[in-house]
$ cat my_file08.csv   # CSV, C-alpha atoms
chain,number,residue,atom,x,y,z
D,562,MET,CA,71.2,137.5,78.4
D,563,ARG,CA,73.9,138.8,80.8
D,564,ILE,CA,74.9,138.1,84.4
D,565,THR,CA,76.8,140.1,87.1
D,566,GLY,CA,80.0,141.5,85.7
D,567,GLY,CA,78.7,141.8,82.2
D,568,LEU,CA,79.9,138.4,80.9
D,569,PRO,CA,77.5,136.5,78.6
D,570,LEU,CA,76.0,133.4,80.2
D,571,ARG,CA,77.2,131.3,77.2
D,572,PHE,CA,80.7,132.5,77.8
D,573,VAL,CA,80.6,131.6,81.5
D,574,PHE,CA,79.2,128.1,80.6
D,575,VAL,CA,81.9,127.4,78.1
D,576,ALA,CA,84.6,128.6,80.5
D,577,LEU,CA,83.2,126.4,83.3
D,578,VAL,CA,83.2,123.4,80.9
D,579,GLY,CA,86.8,124.2,80.1
D,580,VAL,CA,87.7,124.3,83.8
D,581,PHE,CA,86.0,121.0,84.5
D,582,SER,CA,87.7,119.4,81.5
D,583,ILE,CA,91.0,120.4,82.9
D,584,PHE,CA,90.2,118.8,86.2
D,585,ASP,CA,88.9,115.7,84.5
D,586,LEU,CA,92.1,115.5,82.5
D,587,ARG,CA,94.2,115.6,85.6
D,588,ALA,CA,92.0,113.0,87.3
D,589,ALA,CA,92.4,110.8,84.3
D,590,ASP,CA,96.2,110.9,84.8
D,591,ASP,CA,95.9,109.4,88.2
D,592,MET,CA,96.2,105.7,88.9
D,593,ARG,CA,94.8,103.8,91.9
D,594,VAL,CA,97.0,101.0,93.2
D,595,MET,CA,95.6,98.5,95.7
D,596,SER,CA,97.4,96.0,97.9
D,597,PHE,CA,95.2,93.3,99.5
D,598,ASN,CA,96.2,90.2,101.5
D,599,ILE,CA,92.9,88.3,100.9
D,600,SER,CA,93.6,85.5,103.4
D,601,CYS,CA,94.0,81.9,102.1
D,602,ASP,CA,91.0,79.7,101.6
D,603,TYR,CA,92.1,76.8,103.7
D,604,GLY,CA,88.6,76.2,105.0
D,605,ALA,CA,89.5,76.6,108.7
D,606,ASP,CA,88.1,80.0,109.4
D,607,GLY,CA,84.5,79.1,110.3
D,608,GLU,CA,82.2,82.1,109.6
D,609,ASN,CA,85.2,83.8,107.9
D,610,ASN,CA,85.7,81.0,105.3
D,611,TRP,CA,86.1,82.2,101.8
D,612,GLU,CA,82.7,81.0,100.7
D,613,PHE,CA,81.1,83.5,103.1
D,614,ARG,CA,83.3,86.5,102.5
D,615,ARG,CA,84.0,86.2,98.8
D,616,GLU,CA,81.3,88.6,97.7
D,617,THR,CA,82.3,91.1,100.4
D,618,LEU,CA,85.9,91.1,99.3
D,619,LEU,CA,84.9,91.5,95.6
D,620,ASP,CA,82.7,94.5,96.6
D,621,VAL,CA,85.6,96.1,98.4
D,622,ILE,CA,87.7,95.8,95.2
D,623,ARG,CA,84.9,97.0,92.9
D,624,GLU,CA,84.2,100.0,95.2
D,625,ASP,CA,87.8,101.2,95.3
D,626,ASP,CA,88.1,100.4,91.5
D,627,PRO,CA,91.9,100.0,91.4
D,628,ASP,CA,93.7,100.3,88.1
D,629,LEU,CA,96.3,97.9,89.5
D,630,LEU,CA,95.9,95.3,92.2
D,631,GLY,CA,98.4,93.2,94.0
D,632,VAL,CA,97.0,90.3,96.0
D,633,GLN,CA,98.7,88.1,98.5
D,634,GLU,CA,97.7,84.6,99.8
D,635,ALA,CA,95.5,83.9,96.8
D,636,VAL,CA,95.3,80.1,96.4
D,637,PRO,CA,94.2,78.6,93.1
D,638,GLY,CA,90.5,78.5,93.8
D,639,GLN,CA,90.5,82.1,94.9
D,640,MET,CA,92.4,83.1,91.8
D,641,ASP,CA,89.7,81.3,89.7
D,642,ASP,CA,87.0,83.3,91.5
D,643,LEU,CA,88.8,86.6,91.2
D,644,ASN,CA,89.5,86.1,87.5
D,645,ALA,CA,85.9,85.0,86.9
D,646,SER,CA,84.4,87.9,88.8
D,647,LEU,CA,86.6,90.9,88.1
D,648,SER,CA,85.5,91.8,84.6
D,649,GLY,CA,87.7,94.3,82.9
D,650,TYR,CA,90.9,92.9,84.5
D,651,ARG,CA,93.6,90.5,83.4
D,652,SER,CA,95.9,88.9,85.9
D,653,PHE,CA,99.3,87.2,85.9
D,654,GLY,CA,101.4,85.3,88.5
D,655,VAL,CA,102.3,81.8,89.5
D,656,GLY,CA,101.9,79.5,92.5
D,657,ARG,CA,104.8,80.0,94.9
D,658,ASP,CA,105.2,76.3,95.6
D,659,ASP,CA,105.9,75.0,92.1
D,660,GLY,CA,106.1,78.1,89.8
D,661,VAL,CA,102.9,77.1,88.0
D,662,ARG,CA,99.7,76.8,90.1
D,663,ALA,CA,100.4,75.2,93.4
D,664,GLY,CA,100.3,77.4,96.5
D,665,GLU,CA,99.7,81.0,97.1
D,666,HIS,CA,99.9,83.5,94.3
D,667,MET,CA,101.4,87.0,94.5
D,668,ALA,CA,99.2,87.9,91.5
D,669,ILE,CA,98.8,91.2,89.8
D,670,PHE,CA,95.5,92.3,88.3
D,671,TYR,CA,95.4,95.2,85.8
D,672,LYS,CA,92.7,96.9,83.8
D,673,LYS,CA,93.1,95.5,80.3
D,674,ASP,CA,91.7,98.5,78.5
D,675,ALA,CA,94.1,100.9,80.2
D,676,PHE,CA,97.5,99.0,80.0
D,677,ASP,CA,99.5,96.8,77.8
D,678,LEU,CA,101.6,94.2,79.6
D,679,LEU,CA,105.1,94.4,78.1
D,680,ASP,CA,106.8,91.8,80.2
D,681,TRP,CA,106.5,90.0,83.5
D,682,GLY,CA,108.2,87.4,85.7
D,683,THR,CA,108.5,85.9,89.1
D,684,PHE,CA,111.5,85.4,91.4
D,685,TRP,CA,111.7,83.7,94.8
D,686,LEU,CA,113.0,85.2,98.0
D,687,SER,CA,115.8,82.7,98.6
D,688,GLU,CA,119.4,82.0,97.9
D,689,THR,CA,118.2,80.5,94.5
D,690,PRO,CA,115.7,83.1,93.3
D,691,ASP,CA,115.2,81.7,89.8
D,692,LYS,CA,113.5,78.5,91.0
D,693,PRO,CA,110.8,77.8,93.6
D,694,GLY,CA,112.1,77.2,97.2
D,695,LYS,CA,112.4,78.5,100.7
D,696,GLY,CA,115.0,81.0,101.6
D,697,TRP,CA,117.2,81.3,104.7
D,698,ASP,CA,115.0,80.6,107.8
D,699,ALA,CA,111.7,81.1,106.1
D,700,MET,CA,108.7,78.8,107.0
D,701,CYS,CA,107.2,79.1,103.5
D,702,CYS,CA,108.2,79.7,99.9
D,703,ARG,CA,108.0,83.4,99.2
D,704,SER,CA,108.1,85.1,95.9
D,705,VAL,CA,107.8,88.4,94.0
D,706,THR,CA,105.7,88.9,90.9
D,707,TRP,CA,106.6,91.9,88.6
D,708,GLY,CA,105.3,93.4,85.5
D,709,LYS,CA,106.3,96.1,83.0
D,710,PHE,CA,103.4,98.1,81.6
D,711,ARG,CA,102.6,100.7,79.1
D,712,ARG,CA,99.7,103.1,79.5
D,713,LYS,CA,97.6,102.9,76.4
D,714,GLU,CA,96.5,106.5,76.4
D,715,SER,CA,99.8,108.2,77.2
D,716,GLY,CA,102.4,105.7,76.2
D,717,GLU,CA,104.1,106.0,79.6
D,718,THR,CA,105.9,102.9,80.8
D,719,PHE,CA,106.4,101.8,84.4
D,720,CYS,CA,107.1,98.7,86.6
D,721,PHE,CA,104.8,97.3,89.3
D,722,ALA,CA,105.7,94.4,91.6
D,723,ASN,CA,103.9,92.6,94.4
D,724,THR,CA,105.2,90.4,97.2
D,725,HIS,CA,104.7,88.8,100.6
D,726,LEU,CA,107.6,88.4,103.1
D,727,ASP,CA,107.8,85.5,105.5
D,728,HIS,CA,106.0,85.7,108.8
D,729,VAL,CA,108.5,83.6,110.8
D,730,GLY,CA,112.1,84.0,109.5
D,731,THR,CA,113.7,87.2,110.6
D,732,THR,CA,116.8,86.5,108.5
D,733,ALA,CA,114.6,85.7,105.6
D,734,ARG,CA,112.8,89.0,105.8
D,735,ALA,CA,116.0,90.9,106.1
D,736,GLU,CA,117.6,89.2,103.1
D,737,SER,CA,114.4,89.3,101.1
D,738,ALA,CA,114.3,93.1,101.4
D,739,LYS,CA,117.8,93.4,100.0
D,740,LEU,CA,117.1,90.9,97.2
D,741,ILE,CA,113.9,92.8,96.3
D,742,LEU,CA,115.8,96.1,95.9
D,743,ARG,CA,118.7,94.6,94.0
D,744,ARG,CA,116.6,92.6,91.6
D,745,LEU,CA,113.9,95.1,90.9
D,746,SER,CA,116.3,98.0,90.5
D,747,ARG,CA,117.7,96.1,87.5
D,748,ILE,CA,114.3,95.1,86.2
D,749,ALA,CA,112.8,98.6,86.5
D,750,GLY,CA,115.8,100.6,85.7
D,751,LYS,CA,116.6,104.1,87.1
D,752,ASP,CA,114.5,106.3,84.8
D,753,GLU,CA,111.0,104.8,85.0
D,754,PRO,CA,108.3,105.0,87.6
D,755,PHE,CA,108.4,101.9,89.9
D,756,PHE,CA,106.3,100.8,92.8
D,757,ILE,CA,105.8,97.6,94.8
D,758,SER,CA,102.9,96.4,96.9
D,759,GLY,CA,102.8,93.7,99.6
D,760,ASP,CA,102.5,92.3,103.0
D,761,PHE,CA,105.9,92.8,104.5
D,762,ASN,CA,105.0,91.4,108.0
D,763,VAL,CA,106.9,94.2,109.7
D,764,SER,CA,106.1,97.6,111.2
D,765,ASP,CA,107.9,100.8,110.2
D,766,LYS,CA,110.2,100.3,113.2
D,767,ASP,CA,111.8,97.1,111.8
D,768,GLY,CA,115.1,96.9,110.0
D,769,VAL,CA,113.3,95.6,106.9
D,770,TYR,CA,111.4,98.8,106.6
D,771,ALA,CA,114.6,100.7,107.0
D,772,THR,CA,116.2,98.7,104.2
D,773,MET,CA,113.3,99.3,101.9
D,774,THR,CA,113.3,103.1,102.5
D,775,LYS,CA,117.0,103.8,103.0
D,776,GLY,CA,118.4,101.4,100.3
D,777,ILE,CA,121.5,99.3,100.2
D,778,ASP,CA,124.9,99.8,98.6
D,779,ASP,CA,124.3,101.7,95.4
D,780,VAL,CA,120.6,100.9,95.2
D,781,PRO,CA,118.4,103.8,96.5
D,782,GLY,CA,115.6,103.3,98.9
D,783,LEU,CA,111.9,103.7,98.1
D,784,TYR,CA,109.2,105.9,99.7
D,785,ASP,CA,106.3,104.7,101.8
D,786,SER,CA,103.2,106.0,100.1
D,787,ASN,CA,101.4,106.2,103.4
D,788,LYS,CA,104.0,108.6,104.7
D,789,ILE,CA,104.4,110.9,101.6
D,790,ALA,CA,100.7,111.1,100.5
D,791,LYS,CA,99.3,114.6,100.2
D,792,GLU,CA,96.0,113.3,101.6
D,793,ARG,CA,95.3,110.4,103.9
D,794,GLU,CA,92.0,108.5,104.4
D,795,ILE,CA,92.7,106.3,107.4
D,796,ALA,CA,90.1,104.1,109.1
D,797,GLN,CA,92.6,102.8,111.5
D,798,GLU,CA,96.4,102.9,111.9
D,799,TYR,CA,96.9,99.2,111.4
D,800,THR,CA,96.3,96.8,108.5
D,801,PHE,CA,96.3,93.3,110.1
D,802,HIS,CA,93.4,92.7,112.5
D,803,ASN,CA,93.3,88.9,112.6
D,804,TRP,CA,89.5,88.8,112.3
D,805,ASP,CA,89.2,91.7,114.7
D,806,GLN,CA,91.4,90.0,117.3
D,807,VAL,CA,94.1,92.7,117.4
D,808,ASP,CA,93.7,95.4,120.0
D,809,PRO,CA,93.9,98.7,118.0
D,810,LYS,CA,96.5,100.2,120.4
D,811,ASP,CA,98.7,97.2,119.6
D,812,GLY,CA,98.1,97.1,115.9
D,813,SER,CA,100.5,98.4,113.2
D,814,VAL,CA,100.7,98.8,109.5
D,815,ILE,CA,102.5,95.8,107.9
D,816,ASP,CA,101.1,96.2,104.4
D,817,TYR,CA,102.8,98.8,102.1
D,818,ILE,CA,102.9,100.4,98.7
D,819,PHE,CA,106.5,101.6,98.2
D,820,VAL,CA,107.3,104.0,95.3
D,821,ASN,CA,110.4,105.5,93.7
D,822,ASP,CA,111.2,109.1,93.1
D,823,LYS,CA,109.4,109.2,89.8
D,824,VAL,CA,106.0,108.7,91.5
D,825,ASP,CA,103.8,111.3,93.3
D,826,VAL,CA,101.3,110.0,95.9
D,827,LYS,CA,98.2,112.1,96.0
D,828,LYS,CA,96.2,110.0,98.4
D,829,PHE,CA,96.6,107.0,100.7
D,830,LYS,CA,93.7,105.0,102.0
D,831,ILE,CA,93.4,102.3,104.7
D,832,ASP,CA,89.9,100.7,104.4
D,833,PRO,CA,87.9,99.9,107.5
D,834,VAL,CA,88.2,96.5,109.3
D,835,ARG,CA,84.6,95.6,108.5
D,836,HIS,CA,82.9,96.3,105.2
D,837,SER,CA,79.6,98.1,104.9
D,838,ASP,CA,77.7,94.8,105.1
D,839,GLY,CA,79.3,94.1,108.5
D,840,ARG,CA,81.4,91.2,107.3
D,841,PHE,CA,85.1,90.8,107.2
D,842,ALA,CA,86.6,90.7,103.7
D,843,SER,CA,89.9,89.3,105.0
D,844,ASP,CA,92.1,89.2,108.2
D,845,HIS,CA,93.9,92.2,106.6
D,846,VAL,CA,92.4,95.4,105.3
D,847,SER,CA,93.1,96.7,101.8
D,848,ILE,CA,95.3,99.7,101.2
D,849,VAL,CA,95.0,102.0,98.2
D,850,ALA,CA,97.4,104.7,96.8
D,851,THR,CA,96.3,107.2,94.2
D,852,ILE,CA,99.4,108.1,92.3
D,853,SER,CA,100.7,110.0,89.3
D,854,PHE,CA,104.0,110.1,87.5
D,855,ARG,CA,106.4,113.0,87.6
$ encode --input "my_file08.csv" --output "structure tokens"
Amino acid sequence: MRITGGLPLRFVFVALVGVFSIFDLRAADDMRVMSFNISCDYGADGENNWEFRRETLLDVIREDDPDLLGVQEAVPGQMDDLNASLSGYRSFGVGRDDGVRAGEHMAIFYKKDAFDLLDWGTFWLSETPDKPGKGWDAMCCRSVTWGKFRRKESGETFCFANTHLDHVGTTARAESAKLILRRLSRIAGKDEPFFISGDFNVSDKDGVYATMTKGIDDVPGLYDSNKIAKEREIAQEYTFHNWDQVDPKDGSVIDYIFVNDKVDVKKFKIDPVRHSDGRFASDHVSIVATISFR
């Protein structure tokens, strides 16, 4: 049997399979990285308490299917729920208040079948970063969780970190950004892909954002994946909605995924305020960057 142009149908079929295989291979090289401030379970949010929105939030994560996930504001009970419900993932991170379990976790979840965790650690955003404590004029203890990974299929190594800057202390945020760049540049090194997710509690007009993107001294800045993505899927141009109490015209992006120059960002997504079931997953929305390595 032959088709237009004289090519055998079998040949065309094989060729198409080859083309789709190439596309599949390229897609397989991509990684989805999610950042999500899940809002603490302190039992004071009425209809937005964790018990009512837990399944909604889990559905958001499952639907976006991240390879790597950085969460902020996850208190111990929420960490227990996430670890029990997100099959296929492992997590690491410590409570910010005591370096063990107390307080919010800046935890990282990763697909256990896709990555080997080579090393990980935590440091605090303070004048004494190697032990739990508040820094500068911060209201809360703030920390960074980082991990070094190896992709099982390709053998590529990279560093991923996750953080949450203080919501009150302006000096604390400014000094935290500098500390993050200095510390993580040593941990990640200059030659490997590196990216950090987090709630930075500032817009892109703030000096903290300028520090993260322009760098300090001999430490280069990072790139905002939202700004350099080849494709954007944006439900709204803000990431904190305070249970839908923020006027969209006054909202801004305060959650970020910053990457170094070894990372390409193919797509950046800001999820809608409300999930498909009509419920809030958190007082923030999740953000997702689809990346590959150069």
$ residues_around --input "my_file08.csv" --residues "range 830-847 of chain D" --least-positions-apart "6" --cutoff "8 Å" --atoms "all atoms listed in the file" --output "ChimeraX atom specification"
/D:595-600,609,614-615,617-618,621,787,793-798,800-805
$ atom_distance --input "my_file08.csv" --atom1 "CA of Met700 in chain D" --atom2 "CA of Ser652 in chain D"
26.7 Å
$ residues_near_point --input "my_file08.csv" --point "(101.5, 94.2, 84.1)" --cutoff "9 Å" --atoms "all atoms listed in the file" --output "PyMOL selection string"
chain D and resi 629+651-653+669-671+676-681+707-711+720-722
$ write_last_selection --input "my_file08.csv" --atoms "C-alpha atoms" --output "PDB file, in the frame of the given file"
ATOM      1  CA  LEU D 629      96.300  97.900  89.500  1.00  0.00           C
ATOM      2  CA  ARG D 651      93.600  90.500  83.400  1.00  0.00           C
ATOM      3  CA  SER D 652      95.900  88.900  85.900  1.00  0.00           C
ATOM      4  CA  PHE D 653      99.300  87.200  85.900  1.00  0.00           C
ATOM      5  CA  ILE D 669      98.800  91.200  89.800  1.00  0.00           C
ATOM      6  CA  PHE D 670      95.500  92.300  88.300  1.00  0.00           C
ATOM      7  CA  TYR D 671      95.400  95.200  85.800  1.00  0.00           C
ATOM      8  CA  PHE D 676      97.500  99.000  80.000  1.00  0.00           C
ATOM      9  CA  ASP D 677      99.500  96.800  77.800  1.00  0.00           C
ATOM     10  CA  LEU D 678     101.600  94.200  79.600  1.00  0.00           C
ATOM     11  CA  LEU D 679     105.100  94.400  78.100  1.00  0.00           C
ATOM     12  CA  ASP D 680     106.800  91.800  80.200  1.00  0.00           C
ATOM     13  CA  TRP D 681     106.500  90.000  83.500  1.00  0.00           C
ATOM     14  CA  TRP D 707     106.600  91.900  88.600  1.00  0.00           C
ATOM     15  CA  GLY D 708     105.300  93.400  85.500  1.00  0.00           C
ATOM     16  CA  LYS D 709     106.300  96.100  83.000  1.00  0.00           C
ATOM     17  CA  PHE D 710     103.400  98.100  81.600  1.00  0.00           C
ATOM     18  CA  ARG D 711     102.600 100.700  79.100  1.00  0.00           C
ATOM     19  CA  CYS D 720     107.100  98.700  86.600  1.00  0.00           C
ATOM     20  CA  PHE D 721     104.800  97.300  89.300  1.00  0.00           C
ATOM     21  CA  ALA D 722     105.700  94.400  91.600  1.00  0.00           C
TER      22      ALA D 722
END
$ closest_residue --input "my_file08.csv" --among "D:Val655, D:Ala675, D:Ala645, D:Met592" --to "Lys692 in chain D" --atoms "only C-alpha atoms"
D:Val655
$ closest_residue --input "my_file08.csv" --among "D:Ala749, D:Leu619, D:Val824, D:Ala735" --to "Ala771 in chain D" --atoms "all atoms listed in the file"
D:Ala735
$ residues_around --input "my_file08.csv" --residues "Gly696 in chain D" --least-positions-apart "6" --cutoff "6 Å" --atoms "all atoms listed in the file" --output "list in words"
Leu686, Ser687 and Glu688 of chain D
$ closest_residue --input "my_file08.csv" --among "D:Gly768, D:Lys713, D:Leu783, D:Phe854" --to "Ile741 in chain D" --atoms "all atoms listed in the file"
D:Leu783
$ atom_distance --input "my_file08.csv" --atom1 "CA of Thr731 in chain D" --atom2 "CA of Phe761 in chain D"
11.4 Å
$ closest_residue --input "my_file08.csv" --among "D:Asn821, D:Asn762, D:Thr683, D:Thr724" --to "Tyr784 in chain D" --atoms "all atoms listed in the file"
D:Asn821
$ residues_around --input "my_file08.csv" --residues "Ala635 in chain D" --least-positions-apart "2" --cutoff "7 Å" --atoms "all atoms listed in the file" --output "ChimeraX atom specification"
/D:599,601,632-633,637,639-640,665-666
$ closest_residue --input "my_file08.csv" --among "D:Val849, D:Lys766, D:Glu736, D:Gly664" --to "Ile622 in chain D" --atoms "only C-alpha atoms"
D:Val849
$ closest_residue --input "my_file08.csv" --among "D:Ile789, D:Lys739, D:Ser853, D:Ser648" --to "Glu717 in chain D" --atoms "only C-alpha atoms"
D:Ser853
$ atom_distance --input "my_file08.csv" --atom1 "CA of Pro754 in chain D" --atom2 "CA of Lys672 in chain D"
18.0 Å
$ residues_around --input "my_file08.csv" --residues "Ile777 in chain D" --least-positions-apart "4" --cutoff "9 Å" --atoms "all atoms listed in the file" --output "PDB file with C-alpha atoms, keeping the file's coordinate frame"
ATOM      1  CA  LYS D 739     117.800  93.400 100.000  1.00  0.00           C
ATOM      2  CA  LEU D 742     115.800  96.100  95.900  1.00  0.00           C
ATOM      3  CA  ARG D 743     118.700  94.600  94.000  1.00  0.00           C
ATOM      4  CA  THR D 772     116.200  98.700 104.200  1.00  0.00           C
ATOM      5  CA  MET D 773     113.300  99.300 101.900  1.00  0.00           C
ATOM      6  CA  PRO D 781     118.400 103.800  96.500  1.00  0.00           C
ATOM      7  CA  GLY D 782     115.600 103.300  98.900  1.00  0.00           C
TER       8      GLY D 782
END
